[in-house]
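See below for the structure under consideration.
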Amino acid sequence: MAEAAIHTSALQGPQGRRPKSLLSPRRIVIYGLLLVAAFYYILPLYVMIVTSLKGMPEIRLGNIFSPPVEVTFEPWVKAWSQACTGLNCDGLSRGFWNTVIITVPSVLVSIAVASVNGYALSNWRFRGSDLFFTILIIGAFIPYQVMLYPMVIILRTMGLYGSLSGLIVVHTVFGMPILTLLFRNYFTALPAELFKAARVDGAGFWGIYFHIMLPMAVPIMVVAMILQVTGIWNDFLFGVVFTKPDYYPMTVQLNNIVNSVQGVKEYNVNMAATILTGAVPLAVYFLSGRYFVRGIAAGAVKG
Amino acid sequence: MATVTVRDVVKKYGELKVIHGINLSIAEGSFVVLLGPSGCGKSTLLRMIAGLEPISEGDVLIGDRVVNDVHPKDRNIAMVFQNYALYAHMTVRENMSFALDLRKAPKDEIERKIAWAASILNLEPYLDRYPKQLSGGQRQRVAMGRAIVRNPEVFLFDEPLSNLDAKLRVQMRTEIKELHQRLKTTTIYVTHDQIEAMTMADKIVIMRNGYIEQAGSPLEVYDNPDNLFVAEFIGSPSMNLIEGRVEGGRFVSKGGTAIALPAGCKAGEGQAVVLGIRPEHTHPDPAGALEARVGVVEPTGPETHIYFELDGRDICAVTRERTGVKPGDPIRLRLDADRIHLFDQASGKAIR
Amino acid sequence: MNEPGPGARGNPFFRNAAAKIASLPMILTALVVFVGGTAWTVVYSFTNSKLLPKLNFVGLDQYRRLWSTERWVVSVENLLVYGVFMLVFSLLMGFVLAALMDQKIRFENTFRTIFLYPFALSFIVTGLVWQWILNPEFGVQHVVRSLGFENFTFDPLYNQDIVIYGILIAALWQGTGLIMCIMLAGLRGIDEDIWKAARVDGIPAWKTYVFIIIPMMRPVFITSLVLIGAAIVKVYDLVVAQTGGGPGIASEVPAKYVYQNMFYAQNLGQGFAASTMMLISVAVLVVPWAYLEFSGRQRHG
């Protein structure tokens with residue numbers, strides 16, 4: 001009953017022509033092409049890892065594709081705790097914790113708000129509710145740049161500009177279209193009788209939401225979480241615009257470390273820092289597999 | 001237990017009127033079935049009684065209280081839905097106690113009521129299971145259990161059996177009826193299945209296009225349909241209908257077949273009418289007055305349905321005899337004269 | 001489904017009061033941020049706001065200045081080149097990969113994992129990795145030269161004429177996995193009987209794809225097109241990380257121009273005019289799609 005509204009038919013069986021034999025010339029071409037493509041996709045990850053494990057002398061002498069002769073974890077340590085951005089030299093760890101502090105509440109708040117929206121839109125429609133929803137969906141396509149400055153003014157008026165709460169508001173607002181769509185579709189696909197039964201049983205707006213809808217929405221919650229954790233973790237623009245340097249998220253700090261013009265370039269440290277920044281969304285991706293595919297298929301609209 | 005009164009109730013969706021001023025009174029403790037084809041407004045009416053749908057005009061009363069603006073939870077009703085509407089993440093016990101928990105009923109009272117409902121519905125072994133671990137019939141019983149634990153004044157059933165297979169449906173029909181006889185709670189039951197309506201109801205309310213066509217006991221509506229719609233809708237195979245007019249005290253079909261009318265018939269001379277006769281009152285009889293040719297023969301076991309053509313219309317006769325007729329055979333038919341119904345052709349109303 | 005709250009026929013404002021209050025964040029977002037914010041930006045793009053927004057209307061002055069600024073013109077040219085190639089290659093690679101994946105291959109999950117993982121990474125990470133790989137001193141150029149091809153030159157990030165292609169390589173790496181996934185879902189959505197019928201009719205596989213499958217996947221292609229299009233216009237982080245807009249201004253893009261003017265150059269009016277141009281370009285793309293998608297077809301729900 002509680003199947004998700006988004007079908008990922010990508011997970012069903014393949015439909016192309018059946019192979020005649022295991023290794024016909026046609027098969028060889030297919031696998032050959034796939035392997036070439038796989039090489040292109042996997043290469044950067046490989047290069048990142050091997051570079052981060054080499055010492056600088058080895059990088060200067062060797063080539064970036066060769067595996068490290070002497071494995072060293074020093075670049076990782078340095079990236080985490082010593083790399084400099086401007087005058088601060090306490091490494092990427094500060095950005096990491098900033099991102100954690102930004103991501104956790106932003107994910108929770110944005111999902112809470114959007115799930116209530118989706119619930120109201122599918123079960124408690126009122127005059128104009130569909131109009132607001134349409135605006136929201138159209139809004140998903142408006143370039144952020146158009147709304148950046150008005151958002152700055154709004155936050156300044158609320159006294160939240162530059163603060164953590166302000167950034168949470170920004171993520172909630174700009175994450176709202178896709179998440180609301182996700183929850184609305186999911187709740188609409190649930191049998192309407194469930195809602196009616198709960199009404200007759202005596203539950204009101206919030207009672208139904210907390211007792212019936214939330215427990216049934218676990219699958220879509222997971223999808224929404226994945227979407228938001230990766231999306232907010234990877235955000236750069238909002239981090240730059242809406243926070244002060246003290247609160248810069250990891251992506252911003254990473255960019256500042258790598259692209260700083262001062263000092264000697266330490267490519268191994270840069271790559272270690274890059275992997276560290278990508279580590280959390282990558283972990284989410286590898287751990288969630290199927291849900292991730294479903295999440296991005298739904299979240300594709302986000303662009 | 002309470003009466004339910006529906007007074008001049010209208011339902012509009014914008015400009016579209018789907019219920020056209022319905023009046024209905026339901027006696028305390030009775031079992032009323034709202035019957036009709038899909039789109040007739042029966043479910044809408046039920047939902048308005050439940051408070052799940054706002055009432056555009058008119059009043060709904062439960063007992064003496066106008067409940068138009070009363071929240072569903074405060075109407076003291078319970079409702080069973082077509083697809084059970086069980087909460088998938090709750091056990092059978094939790095499903096049944098949900099409404100009571102929301103009312104903050106005392107723990108021991110909840111326990112007692114659940115034990116009572118479970119024993120009535122034979123659900124004791126399943127109390128800690130989840131809905132997905134139950135069969136269709138068991139789920140239906142849980143849905144009913146959820147309704148009865150609340151001890152409501154009115155039970156509302158919205159096509160509760162249509163998701164079950166034929167055999168289970170018959171069984172659950174009996175169970176619902178037994179339950180009603182035991183609890184004597186006023187019950188309103190929506191269905192499009194006339195067998196369900198006939199077997200369960202104290203009173204059937206037949207609806208079409210947002211109007212009530214007829215209301216009465218099952219046998220009343222079967223034996224004395226008020227109009228052509230009811231005549232055709234109730235009964236299977238449905239009533240045979242022949243168009244014609246009244247001439248010289250007899251009915252003459254368009255094809256010229258003459259049928260004697262019972263004495264005291266109120267049809268006027270020359271009036272365009274439709275003659276109705278139920279299949280079980282149409283008998284193959286060598287001495288019969290009508291002559292026809294057999295089309296299709298359908299033996300069902302206890303009885304045989306013989307279809308034949310009369311004036312270009314298919315007419316059915318039901319017989320318990322083993323007649324041995326075959327398609328193409330000529331056949332003579334006799335109609336039970338006192339079982340003939342006449343309807344005005346223009347208005348469709350019964351002529352009595 | 002209109003639900004009567006208590007007082008269903010009372011003041012309509014209080015009907016569903018809880019739902020309305022709960023929807024306030026959505027209503028405010030839609031009206032204040034999306035409608036209000038967009039309108040605000042458009043209106044202020046006709047003013048000469050500098051450090052602070054001021055309602056001092058100057059007509060189309062900002063737009064005239066915009067289009068006579070070299071940085072903006074370069075940005076737009078870059079976006080066009082980047083956009084065209086991004087569209088073509090995303091669709092092409094996405095579809096070919098999906099078609100290959102659909103040949104009942106082994107290790108399908110492994111391949112999908114490999115093709116899709118870059119999408120989980122941020123544009124910053126993407127830009128920095130490819131900046132490193134394309135670094136002429138250490139990266140691809142260096143490696144090929146050390147193999148004996150002394151004159152081999154491949155330094156897109158340091159060559160004004162081809163820098164945008166360097167960005168393109170990174171963007172395709174990051175984004176094609178998603179398109180592949182969508183395309184694959186589209187392929188799987190096609191009735192297997194189509195394949196059987198084509199086979200019985202003796203149509204070769206490639207012809208089946210070109211003349212039957214692709215036309216049947218039209219909605220999937222349109223969705224992909226819109227997604228890629230909207231993402232193209234927004235491209236920002238990638239350029240910041242990979243080239244910073246350089247060498248010189250060779251890889252500037254409109255989103256960066258907006259940011260630059262709004263938050264660094266204190267030239268708000270220019271920023272607003274530029275972002276309004278971005279809005280128009282998205283509208284040109286999305287409006288026809290929305291029209292095709294939603295007109296005639298009744299919306300679900």
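In the structure tokens, chains take the letters A, B, ... in the order shown, each chain's residues start at 1, and ligands count up from 1 in the order shown.
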Region 20-26 of chain C environment, 8 Å, only C-alpha atoms, sequence neighbours closer than 2 positions dropped, as a PDB file with C-alpha atoms, in the first residue's frame:
```pdb
ATOM      1  CA  VAL A 113       7.903  22.074   6.172  1.00  0.00           C
ATOM      2  CA  VAL A 116       3.325  19.381   5.836  1.00  0.00           C
ATOM      3  CA  ASN A 117       2.877  21.238   2.535  1.00  0.00           C
ATOM      4  CA  ALA A 120      -2.045  19.847   3.104  1.00  0.00           C
ATOM      5  CA  PHE A 126      -8.315  25.027   0.176  1.00  0.00           C
ATOM      6  CA  PHE A 132       0.505  28.302  -4.601  1.00  0.00           C
ATOM      7  CA  MET A 176      10.584  23.590  -1.060  1.00  0.00           C
TER       8      MET A 176
ATOM      9  CA  ASN C  16      -9.572  24.422   7.236  1.00  0.00           C
ATOM     10  CA  ALA C  17      -7.905  26.926   9.499  1.00  0.00           C
ATOM     11  CA  ALA C  18      -5.235  24.444  10.628  1.00  0.00           C
ATOM     12  CA  LEU C  28       4.831  33.008   1.918  1.00  0.00           C
ATOM     13  CA  THR C  29       7.528  31.289  -0.116  1.00  0.00           C
ATOM     14  CA  ALA C  30       5.363  31.253  -3.222  1.00  0.00           C
TER      15      ALA C  30
END
```
Based on the backbone DSSP call, show me all residues of region 150-268 of chain A assigned helix (DSSP H, G or I), as a ChimeraX atom specification. /A:150-158,164-189,192-201,205-216,218-233,237-242,245-247,250-258,267-268
For the residues in the current selection, export C-alpha atoms as a PDB file, in the first residue's frame.
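In the end it all went to result_13.pdb:
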```pdb
ATOM      1  CA  PRO A 150      15.356  39.972  -2.553  1.00  0.00           C
ATOM      2  CA  MET A 151      16.193  37.079  -0.233  1.00  0.00           C
ATOM      3  CA  VAL A 152      19.043  39.104   1.248  1.00  0.00           C
ATOM      4  CA  ILE A 153      16.618  41.943   1.919  1.00  0.00           C
ATOM      5  CA  ILE A 154      14.031  39.611   3.448  1.00  0.00           C
ATOM      6  CA  LEU A 155      16.596  38.036   5.757  1.00  0.00           C
ATOM      7  CA  ARG A 156      18.020  41.417   6.695  1.00  0.00           C
ATOM      8  CA  THR A 157      14.530  42.619   7.598  1.00  0.00           C
ATOM      9  CA  MET A 158      14.033  39.534   9.732  1.00  0.00           C
ATOM     10  CA  LEU A 164      22.834  30.123  10.648  1.00  0.00           C
ATOM     11  CA  SER A 165      19.058  30.456  10.971  1.00  0.00           C
ATOM     12  CA  GLY A 166      19.056  32.633   7.880  1.00  0.00           C
ATOM     13  CA  LEU A 167      20.782  29.954   5.862  1.00  0.00           C
ATOM     14  CA  ILE A 168      18.323  27.359   7.167  1.00  0.00           C
ATOM     15  CA  VAL A 169      15.504  29.560   5.921  1.00  0.00           C
ATOM     16  CA  VAL A 170      17.193  29.848   2.512  1.00  0.00           C
ATOM     17  CA  HIS A 171      17.606  26.099   2.153  1.00  0.00           C
ATOM     18  CA  THR A 172      14.035  25.544   3.271  1.00  0.00           C
ATOM     19  CA  VAL A 173      12.701  28.048   0.769  1.00  0.00           C
ATOM     20  CA  PHE A 174      14.683  26.879  -2.228  1.00  0.00           C
ATOM     21  CA  GLY A 175      14.329  23.206  -1.405  1.00  0.00           C
ATOM     22  CA  MET A 176      10.584  23.590  -1.060  1.00  0.00           C
ATOM     23  CA  PRO A 177       9.420  23.112  -4.673  1.00  0.00           C
ATOM     24  CA  ILE A 178      10.933  19.712  -5.279  1.00  0.00           C
ATOM     25  CA  LEU A 179      10.325  18.375  -1.779  1.00  0.00           C
ATOM     26  CA  THR A 180       6.732  19.551  -1.740  1.00  0.00           C
ATOM     27  CA  LEU A 181       6.173  17.908  -5.113  1.00  0.00           C
ATOM     28  CA  LEU A 182       7.682  14.713  -3.774  1.00  0.00           C
ATOM     29  CA  PHE A 183       5.466  14.612  -0.693  1.00  0.00           C
ATOM     30  CA  ARG A 184       2.338  15.780  -2.469  1.00  0.00           C
ATOM     31  CA  ASN A 185       2.614  13.021  -5.043  1.00  0.00           C
ATOM     32  CA  TYR A 186       3.325  10.459  -2.387  1.00  0.00           C
ATOM     33  CA  PHE A 187       0.404  11.428  -0.175  1.00  0.00           C
ATOM     34  CA  THR A 188      -1.952  11.723  -3.131  1.00  0.00           C
ATOM     35  CA  ALA A 189      -1.106   8.154  -4.080  1.00  0.00           C
ATOM     36  CA  ALA A 192      -8.025   8.616   0.352  1.00  0.00           C
ATOM     37  CA  GLU A 193     -10.024   6.368   2.690  1.00  0.00           C
ATOM     38  CA  LEU A 194      -7.126   6.241   5.136  1.00  0.00           C
ATOM     39  CA  PHE A 195      -7.485   9.936   5.627  1.00  0.00           C
ATOM     40  CA  LYS A 196     -11.260   9.718   5.906  1.00  0.00           C
ATOM     41  CA  ALA A 197     -11.101   6.835   8.352  1.00  0.00           C
ATOM     42  CA  ALA A 198      -8.756   8.836  10.546  1.00  0.00           C
ATOM     43  CA  ARG A 199     -11.113  11.812  10.372  1.00  0.00           C
ATOM     44  CA  VAL A 200     -14.020   9.674  11.497  1.00  0.00           C
ATOM     45  CA  ASP A 201     -11.806   8.173  14.192  1.00  0.00           C
ATOM     46  CA  PHE A 205      -5.105  18.058  10.891  1.00  0.00           C
ATOM     47  CA  TRP A 206      -2.081  17.436  13.093  1.00  0.00           C
ATOM     48  CA  GLY A 207      -3.344  14.181  14.543  1.00  0.00           C
ATOM     49  CA  ILE A 208      -3.626  12.630  11.089  1.00  0.00           C
ATOM     50  CA  TYR A 209      -0.283  14.068  10.084  1.00  0.00           C
ATOM     51  CA  PHE A 210       1.623  12.676  13.043  1.00  0.00           C
ATOM     52  CA  HIS A 211      -0.239   9.413  13.626  1.00  0.00           C
ATOM     53  CA  ILE A 212      -1.070   8.313  10.083  1.00  0.00           C
ATOM     54  CA  MET A 213       0.793  10.191   7.384  1.00  0.00           C
ATOM     55  CA  LEU A 214       4.280  10.479   8.888  1.00  0.00           C
ATOM     56  CA  PRO A 215       4.584   6.794   9.782  1.00  0.00           C
ATOM     57  CA  MET A 216       3.442   5.876   6.278  1.00  0.00           C
ATOM     58  CA  VAL A 218       9.043   6.610   5.673  1.00  0.00           C
ATOM     59  CA  PRO A 219      10.110   5.598   2.130  1.00  0.00           C
ATOM     60  CA  ILE A 220       9.630   9.063   0.733  1.00  0.00           C
ATOM     61  CA  MET A 221      11.304  10.546   3.807  1.00  0.00           C
ATOM     62  CA  VAL A 222      14.413   8.548   2.973  1.00  0.00           C
ATOM     63  CA  VAL A 223      14.353   9.838  -0.586  1.00  0.00           C
ATOM     64  CA  ALA A 224      13.902  13.404   0.649  1.00  0.00           C
ATOM     65  CA  MET A 225      16.719  13.018   3.168  1.00  0.00           C
ATOM     66  CA  ILE A 226      19.149  11.793   0.536  1.00  0.00           C
ATOM     67  CA  LEU A 227      18.174  14.586  -1.772  1.00  0.00           C
ATOM     68  CA  GLN A 228      18.596  17.246   0.891  1.00  0.00           C
ATOM     69  CA  VAL A 229      21.730  15.915   2.546  1.00  0.00           C
ATOM     70  CA  THR A 230      23.601  15.765  -0.763  1.00  0.00           C
ATOM     71  CA  GLY A 231      22.034  18.981  -2.047  1.00  0.00           C
ATOM     72  CA  ILE A 232      22.777  21.089   1.031  1.00  0.00           C
ATOM     73  CA  TRP A 233      26.156  19.516   1.647  1.00  0.00           C
ATOM     74  CA  LEU A 237      26.213  29.700  -3.783  1.00  0.00           C
ATOM     75  CA  PHE A 238      23.970  30.093  -0.730  1.00  0.00           C
ATOM     76  CA  GLY A 239      26.910  29.497   1.560  1.00  0.00           C
ATOM     77  CA  VAL A 240      28.825  32.348  -0.039  1.00  0.00           C
ATOM     78  CA  VAL A 241      25.942  34.763  -0.249  1.00  0.00           C
ATOM     79  CA  PHE A 242      24.135  34.193   3.014  1.00  0.00           C
ATOM     80  CA  PRO A 245      33.329  33.859   6.612  1.00  0.00           C
ATOM     81  CA  ASP A 246      33.201  32.370  10.105  1.00  0.00           C
ATOM     82  CA  TYR A 247      30.317  30.151   9.047  1.00  0.00           C
ATOM     83  CA  MET A 250      33.007  23.168   3.523  1.00  0.00           C
ATOM     84  CA  THR A 251      32.589  23.739  -0.211  1.00  0.00           C
ATOM     85  CA  VAL A 252      33.418  27.421   0.129  1.00  0.00           C
ATOM     86  CA  GLN A 253      36.388  26.726   2.334  1.00  0.00           C
ATOM     87  CA  LEU A 254      37.618  24.035  -0.022  1.00  0.00           C
ATOM     88  CA  ASN A 255      37.470  26.433  -2.928  1.00  0.00           C
ATOM     89  CA  ASN A 256      39.345  29.022  -0.935  1.00  0.00           C
ATOM     90  CA  ILE A 257      42.063  26.557   0.055  1.00  0.00           C
ATOM     91  CA  VAL A 258      42.619  25.202  -3.447  1.00  0.00           C
ATOM     92  CA  TYR A 267      48.315  19.446  -4.844  1.00  0.00           C
ATOM     93  CA  ASN A 268      48.244  16.407  -2.597  1.00  0.00           C
TER      94      ASN A 268
END
```
One decimal, in Å: what's the spacing between CA of Arg27 (chain A) and CA of Phe115 (chain C)?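 Interatomic distance here is 19.4 Å.
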Can you tell me, as a list of chain:residue names, what residues are no more than 6 Å from Leu53 (chain A) when counting only C-alpha atoms, ignoring any on the same chain fewer than 6 positions away? A:Val71, A:Thr72, A:Phe73
The selected residues should be written to file as a tab-separated table (two decimals), in the first residue's frame (atoms: C-alpha atoms).
```tsv
chain	number	residue	atom	x	y	z
A	71	VAL	CA	51.92	6.04	0.57
A	72	THR	CA	51.59	8.95	2.95
A	73	PHE	CA	48.57	10.15	4.88
```
Wanna dump the chain B-chain C contacts at 7 Å for me, each residue with its shortest atom pair and the distance in Å to one decimal, counting only C-alpha atoms, ordered by chain and number, as JSON lines?
```
{"residue": "B:Leu52", "atom": "CA", "partner": "C:Glu3", "partner_atom": "CA", "distance": 5.9}
{"residue": "B:Glu53", "atom": "CA", "partner": "C:Glu3", "partner_atom": "CA", "distance": 5.7}
{"residue": "B:Pro54", "atom": "CA", "partner": "C:Pro4", "partner_atom": "CA", "distance": 5.2}
{"residue": "B:Asp69", "atom": "CA", "partner": "C:Gly7", "partner_atom": "CA", "distance": 4.9}
{"residue": "B:Val70", "atom": "CA", "partner": "C:Pro6", "partner_atom": "CA", "distance": 5.7}
{"residue": "B:His71", "atom": "CA", "partner": "C:Pro6", "partner_atom": "CA", "distance": 5.4}
```
Go ahead and write the residues just picked, C-alpha atoms, as a PDB file, in the first residue's frame.
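The resulting selection33.pdb:
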```
ATOM      1  CA  LEU B  52     -16.434  14.151   5.222  1.00  0.00           C
ATOM      2  CA  GLU B  53     -18.138  16.284   2.616  1.00  0.00           C
ATOM      3  CA  PRO B  54     -19.707  19.686   3.255  1.00  0.00           C
ATOM      4  CA  ASP B  69     -21.330  21.837  11.094  1.00  0.00           C
ATOM      5  CA  VAL B  70     -20.243  19.105  13.462  1.00  0.00           C
ATOM      6  CA  HIS B  71     -16.829  17.565  12.924  1.00  0.00           C
TER       7      HIS B  71
END
```
Residues within 8 Å of region 4-7 of chain B, only C-alpha atoms, excluding chain neighbours under 3 positions, as JSON, numbers by chain: {"B": [21, 22, 23, 24, 25, 26, 27, 28, 58, 59, 60, 61, 62, 63]}
Take the residues from that selection and put them in a file with C-alpha atoms, as an mmCIF file, in the first residue's frame.
```
data_model
loop_
_atom_site.group_PDB
_atom_site.id
_atom_site.type_symbol
_atom_site.label_atom_id
_atom_site.label_comp_id
_atom_site.auth_asym_id
_atom_site.auth_seq_id
_atom_site.Cartn_x
_atom_site.Cartn_y
_atom_site.Cartn_z
ATOM 1 C CA GLY B 21 -32.681 17.903 -2.412
ATOM 2 C CA ILE B 22 -32.957 14.505 -0.807
ATOM 3 C CA ASN B 23 -35.270 13.615 2.086
ATOM 4 C CA LEU B 24 -34.792 10.452 4.041
ATOM 5 C CA SER B 25 -35.513 9.291 7.522
ATOM 6 C CA ILE B 26 -33.822 6.299 9.019
ATOM 7 C CA ALA B 27 -35.346 4.636 12.041
ATOM 8 C CA GLU B 28 -33.390 3.841 15.166
ATOM 9 C CA GLY B 58 -30.396 21.294 3.728
ATOM 10 C CA ASP B 59 -29.736 19.527 7.019
ATOM 11 C CA VAL B 60 -28.494 16.220 8.299
ATOM 12 C CA LEU B 61 -29.710 15.209 11.755
ATOM 13 C CA ILE B 62 -28.392 12.434 13.933
ATOM 14 C CA GLY B 63 -30.931 11.940 16.675
#
```
Leaving out Val144 (chain C) and any residue of its chain fewer than 5 positions from it, which residues lie within 10 Å of it when counting only C-alpha atoms, given as a PyMOL selection string? (chain A and resi 63) or (chain C and resi 139+149-154)
What's the 8 Å shell around Leu46 (chain B), counting only C-alpha atoms, without same-chain residues fewer than 5 positions away, as a list in words?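 Skipping anything fewer than 5 positions along the chain leaves Leu156, Asp158, Ile188 and Val190 of chain B.
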The selected residues should be written to file as a PDB file, in the first residue's frame (atoms: C-alpha atoms).
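This went into selection06.pdb:
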```pdb
ATOM      1  CA  LEU B 156     -21.618   3.803   7.950  1.00  0.00           C
ATOM      2  CA  ASP B 158     -19.058   2.395   2.049  1.00  0.00           C
ATOM      3  CA  ILE B 188     -26.312   2.925   6.623  1.00  0.00           C
ATOM      4  CA  VAL B 190     -23.775   1.838   0.465  1.00  0.00           C
TER       5      VAL B 190
END
```
Distance criterion (only C-alpha atoms): nearest to chain A out of C:Gln103, C:Asn135, C:Ser68, C:Ser146: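 Ranking C:Gln103, C:Asn135, C:Ser68, C:Ser146 by distance to chain A, first place goes to C:Gln103.
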7 Å contacts from chain B to chain A using only C-alpha atoms, as JSON, numbers by chain: {"B": [52, 72, 73, 78, 79, 81, 85, 86, 87, 89, 99, 102]}
